[in-house]
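Participant: The following file, final01.txt, comprises compact mmCIF, C-alpha atoms:
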```txt
# COMPACT_ATOMS: atom_id res chain seq x y z
CA MET N 232 103.12 -87.12 71.30
CA ILE N 233 103.83 -85.87 74.80
CA TRP N 234 107.58 -85.84 74.09
CA GLY N 235 106.91 -83.69 70.96
CA LEU N 236 104.90 -81.16 72.95
CA MET N 237 107.50 -80.96 75.67
CA ASN N 238 110.31 -80.64 73.16
CA ALA N 239 108.51 -77.93 71.12
CA GLY N 240 109.45 -75.24 73.59
CA ALA N 241 113.12 -76.15 73.55
CA PRO N 242 115.45 -73.66 71.92
CA GLY N 243 116.26 -74.59 68.35
CA ALA N 244 113.28 -76.93 67.96
CA MET N 245 111.78 -74.80 65.16
CA ASN N 246 115.01 -74.35 63.22
CA SER N 247 114.15 -77.10 60.76
CA LEU N 248 111.30 -75.01 59.25
CA SER N 249 112.11 -72.75 56.37
CA PRO N 250 110.56 -69.27 56.14
CA PHE N 251 107.34 -68.93 54.12
CA GLN N 252 107.85 -68.29 50.44
CA PRO N 253 104.87 -68.03 48.08
CA LYS N 254 104.76 -70.62 45.34
CA ARG N 255 106.11 -69.20 42.13
CA ASP N 256 103.90 -69.43 39.06
CA ALA N 257 105.31 -71.06 35.99
CA PRO N 258 105.82 -68.41 33.31
CA LEU N 259 103.24 -68.59 30.55
CA THR N 260 104.24 -68.71 26.93
CA GLY N 261 102.90 -66.11 24.52
CA GLY N 262 100.44 -68.57 23.06
CA ALA N 263 99.12 -69.52 26.47
CA ARG N 264 98.64 -65.84 27.29
CA PHE N 265 96.60 -65.33 24.11
CA ILE N 266 94.38 -68.31 24.87
CA ARG N 267 93.92 -67.30 28.51
CA GLY N 268 93.14 -63.68 27.59
CA PHE N 269 90.64 -64.51 24.89
CA THR N 270 89.02 -67.14 27.11
CA ARG N 271 88.46 -64.48 29.77
CA ILE N 272 87.08 -62.06 27.20
CA GLY N 273 84.83 -64.83 25.91
CA ALA N 274 83.52 -65.49 29.42
CA VAL N 275 82.67 -61.81 29.88
CA VAL N 276 81.00 -61.62 26.46
CA ALA N 277 79.06 -64.84 27.18
CA VAL N 278 77.73 -63.36 30.42
CA LEU N 279 76.70 -60.16 28.60
CA VAL N 280 74.98 -62.20 25.89
CA ALA N 281 73.14 -64.21 28.55
CA VAL N 282 71.99 -61.09 30.42
CA ILE N 283 70.80 -59.39 27.24
CA GLY N 284 69.12 -62.59 26.04
CA LEU N 285 67.31 -63.03 29.35
CA ALA N 286 66.08 -59.43 29.24
CA ILE N 287 64.79 -59.84 25.69
CA THR N 288 63.18 -63.18 26.54
CA TYR N 289 61.46 -61.65 29.57
CA GLY N 290 60.11 -58.81 27.43
CA ILE N 291 58.77 -61.14 24.75
CA VAL N 292 57.21 -63.54 27.26
CA ASN N 293 55.65 -60.75 29.32
CA GLU N 294 54.20 -59.04 26.24
CA GLY N 295 52.77 -62.29 24.88
CA TYR N 296 51.14 -63.27 28.15
CA SER N 297 49.73 -59.76 28.65
CA ARG N 298 48.29 -59.85 25.13
CA GLU N 299 46.52 -63.15 25.78
CA VAL N 300 45.07 -61.85 29.06
CA SER N 301 43.89 -58.66 27.29
CA VAL N 302 42.23 -60.63 24.52
CA GLN N 303 40.37 -62.74 27.10
CA ARG N 304 39.28 -59.63 29.02
CA ASN N 305 38.13 -57.88 25.82
CA ALA N 306 36.24 -60.99 24.70
CA GLN N 307 34.43 -61.16 28.05
CA CYS N 308 33.42 -57.49 27.75
CA ILE N 309 32.06 -57.97 24.23
CA ALA N 310 30.32 -61.23 25.23
CA ARG N 311 28.57 -59.43 28.12
CA LEU N 312 27.25 -56.80 25.71
CA SER N 313 26.16 -59.45 23.20
CA ARG N 314 24.34 -61.48 25.86
CA ALA N 315 22.62 -58.30 27.05
CA GLY N 316 21.17 -57.89 23.55
CA TYR N 317 23.46 -55.22 22.14
CA VAL N 318 23.61 -55.29 18.33
CA PHE N 319 27.04 -54.46 16.97
CA LYS N 320 27.20 -52.25 13.88
CA LEU N 321 29.62 -52.52 10.97
CA LYS N 322 32.95 -50.84 11.59
CA TYR N 323 33.21 -49.55 7.99
CA PRO N 324 29.70 -49.35 6.53
CA SER N 325 30.81 -47.69 3.28
CA ILE N 326 33.35 -50.41 2.49
CA ASP N 327 32.37 -53.92 1.48
CA SER N 328 33.40 -55.38 4.83
CA ARG N 329 31.69 -57.54 7.43
CA THR N 330 33.95 -56.39 10.28
CA LEU N 331 31.91 -55.40 13.31
CA ASP N 332 32.73 -52.45 15.56
CA TYR N 333 33.53 -53.80 19.02
CA ASP N 334 34.97 -50.52 20.35
CA VAL N 335 31.77 -49.61 22.22
CA ASN N 336 30.76 -49.16 25.86
CA GLY N 337 34.35 -49.42 27.13
CA CYS N 338 35.17 -52.60 25.22
CA SER N 339 38.09 -52.93 22.84
CA ASP N 340 38.65 -55.07 19.78
CA TYR N 341 42.34 -55.59 20.60
CA GLY N 342 43.15 -59.11 19.44
CA LEU N 343 39.59 -59.68 18.25
CA TYR N 344 39.47 -57.60 15.08
CA GLY N 345 37.68 -59.38 12.28
CA LYS N 346 36.25 -62.18 14.43
CA SER N 347 32.55 -62.96 14.57
CA VAL N 348 30.49 -62.57 17.72
CA GLY N 349 30.27 -66.36 18.04
CA GLU N 350 34.05 -66.72 17.95
CA ILE N 351 34.41 -63.98 20.55
CA ILE N 352 31.86 -65.63 22.85
CA ALA N 353 33.80 -68.91 22.51
CA ILE N 354 36.99 -67.09 23.54
CA ALA N 355 35.19 -65.45 26.47
CA ASP N 356 33.82 -68.82 27.66
CA SER N 357 37.19 -70.54 27.45
CA PRO N 358 39.27 -70.74 30.62
CA ALA N 359 41.36 -67.69 31.46
CA PRO N 360 44.92 -68.03 30.22
CA THR N 361 47.55 -68.88 32.80
CA PHE N 362 51.27 -68.66 32.26
CA MET N 363 51.62 -72.40 31.77
CA THR N 364 48.64 -72.77 29.40
CA SER N 365 49.51 -69.75 27.26
CA GLU N 366 52.08 -69.40 24.51
CA ALA N 367 54.33 -67.65 27.05
CA ALA N 368 55.63 -70.93 28.49
CA SER N 369 56.89 -72.18 25.14
CA ALA N 370 58.29 -68.72 24.31
CA LEU N 371 60.18 -68.77 27.62
CA GLY N 372 61.64 -72.19 26.85
CA MET N 373 62.70 -71.20 23.35
CA GLY N 374 64.17 -67.93 24.60
CA LEU N 375 66.23 -69.69 27.26
CA ILE N 376 67.49 -72.28 24.77
CA ILE N 377 68.45 -69.64 22.20
CA THR N 378 70.10 -67.49 24.89
CA GLY N 379 72.12 -70.44 26.17
CA ILE N 380 73.26 -71.45 22.70
CA CYS N 381 74.28 -67.88 21.85
CA ALA N 382 76.24 -67.50 25.10
CA ILE N 383 78.08 -70.78 24.54
CA LEU N 384 78.85 -69.83 20.94
CA ALA N 385 80.23 -66.45 22.05
CA TYR N 386 82.52 -68.14 24.58
CA VAL N 387 83.73 -70.76 22.10
CA LEU N 388 84.24 -68.14 19.39
CA PHE N 389 86.58 -66.09 21.59
CA TRP N 390 88.41 -69.22 22.70
CA VAL N 391 88.96 -70.19 19.05
CA ILE N 392 90.18 -66.68 18.22
CA GLY N 393 92.70 -66.93 21.06
CA TRP N 394 93.72 -70.37 19.91
CA VAL N 395 94.27 -69.12 16.34
CA PHE N 396 96.29 -66.10 17.51
CA ALA N 397 98.32 -68.39 19.76
CA GLY N 398 99.31 -70.33 16.67
CA PHE N 399 101.06 -67.25 15.30
CA THR N 400 103.22 -66.76 18.39
CA ARG N 401 106.64 -68.29 18.78
CA ASP N 402 107.01 -70.24 22.00
CA ALA N 403 110.53 -70.38 23.32
```
Turn the structure described in the file into structure tokens.
Facilitator:
Amino acid sequence: MIWGLMNAGAPGAMNSLSPFQPKRDAPLTGGARFIRGFTRIGAVVAVLVAVIGLAITYGIVNEGYSREVSVQRNAQCIARLSRAGYVFKLKYPSIDSRTLDYDVNGCSDYGLYGKSVGEIIAIADSPAPTFMTSEAASALGMGLIITGICAILAYVLFWVIGWVFAGFTRDA
């Protein structure tokens, strides 16, 4: 070791090294270029499909959870009025309908249309929906599964297209 360090400074000690030359890539055949190109396109398309799928899934999940929270809030408003002794009138008195008008005193019948006061009080007394207890959790899972499957299928589809086109090329 010491002899190597002492000898390293001697003239001509580095002559056995060759100058740096980058490693040359093996030339690709036409078929390999098709497969590589379509695989890259497939990867880009798969990422786009995943991003779009995640955005759509988020929108569906957010809307569903917000709807369940709104229904709970509306049911609590109507239940407060009912417990205070308010008598709800028919929404359409001239039509043969038993639908009550819950759009009174700031309450809304969003998600509660056509339900009886007893059903609405049961909804109001039930625990408030959380993300994990609502339908949003299962919608999120299904959305992620569908998005993943679609992204994988997009990638594989482009790979197969490249593979088929590569079959029509003549490799020398």
Participant: Just checking: using only C-alpha atoms, which residue out of N:Ala397, N:Ala382, N:Leu388, N:Leu248 ends up closest to N:Ala277?
Facilitator: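 Selected residue with least distance to N:Ala277: N:Ala382.
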Participant: Closest to N:Thr330 among N:Ile272, N:Met373, N:Leu343, N:Ala257, using all atoms listed in the file?
Facilitator: N:Leu343
Participant: Smallest atom-to-atom distance to N:Ala263: which of N:Val292, N:Phe399, N:Ser365, N:Trp394, using all atoms listed in the file?
Facilitator: N:Trp394
Participant: For each of N:Pro253, N:Gly337, N:Gly342, N:Gly372, take the minimum atom-to-atom distance to N:Arg298, counting only C-alpha atoms, then give the residue where this is smallest.
Facilitator: N:Gly342
Participant: Between atom CA of N:Gly393 and atom CA of N:Thr260, what is the distance in Å, rounded to a tenth?
Facilitator: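 Distance between the two atoms: 13.1 Å.
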Participant: Taking all atoms listed in the file into account, name the residue in N:Gly398, N:Ile392, N:Phe362, N:Val387 that is nearest to N:Asn293.
Facilitator: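 Checking each of N:Gly398, N:Ile392, N:Phe362, N:Val387 against N:Asn293, counting all atoms listed in the file, the winner is N:Phe362.
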Participant: Using all atoms listed in the file, can you tell me which of N:Val302, N:Ile291, N:Val348, N:Ala286 comes closest to N:Pro360?
Facilitator: N:Val302
Participant: Do you know which residues are at most 10 Å from N:Leu312 counting all atoms listed in the file, after dropping those on the same chain fewer than 4 positions away, and could you put them as a list of chain:residue names?
Facilitator: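 Everything that qualifies: N:Ala306, N:Gln307, N:Cys308, N:Gly316, N:Tyr317, N:Val318, N:Phe319, N:Tyr333, N:Val335, N:Asn336, N:Cys338.
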Participant: In Å, how far is it from atom CA of N:Val395 to atom CA of N:Gly273?
Facilitator: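 So the answer is 14.1 Å.
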Participant: Could you tell me how far atom CA of N:Thr378 lies from atom CA of N:Gly284, in Å and to one decimal?
Facilitator: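 Taking atom CA of N:Thr378 and atom CA of N:Gly284, their separation equals 5.1 Å.
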Participant: Residues near N:Ile283, anyone? I mean within 12 Å using all atoms listed in the file, not counting same-chain ones fewer than 6 positions away, as a list of chain:residue names.
Facilitator: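 The residues that qualify are N:Val276, N:Ala277, N:Tyr289, N:Gly290, N:Gly374, N:Leu375, N:Ile377, N:Thr378, N:Gly379, N:Cys381, N:Ala382.
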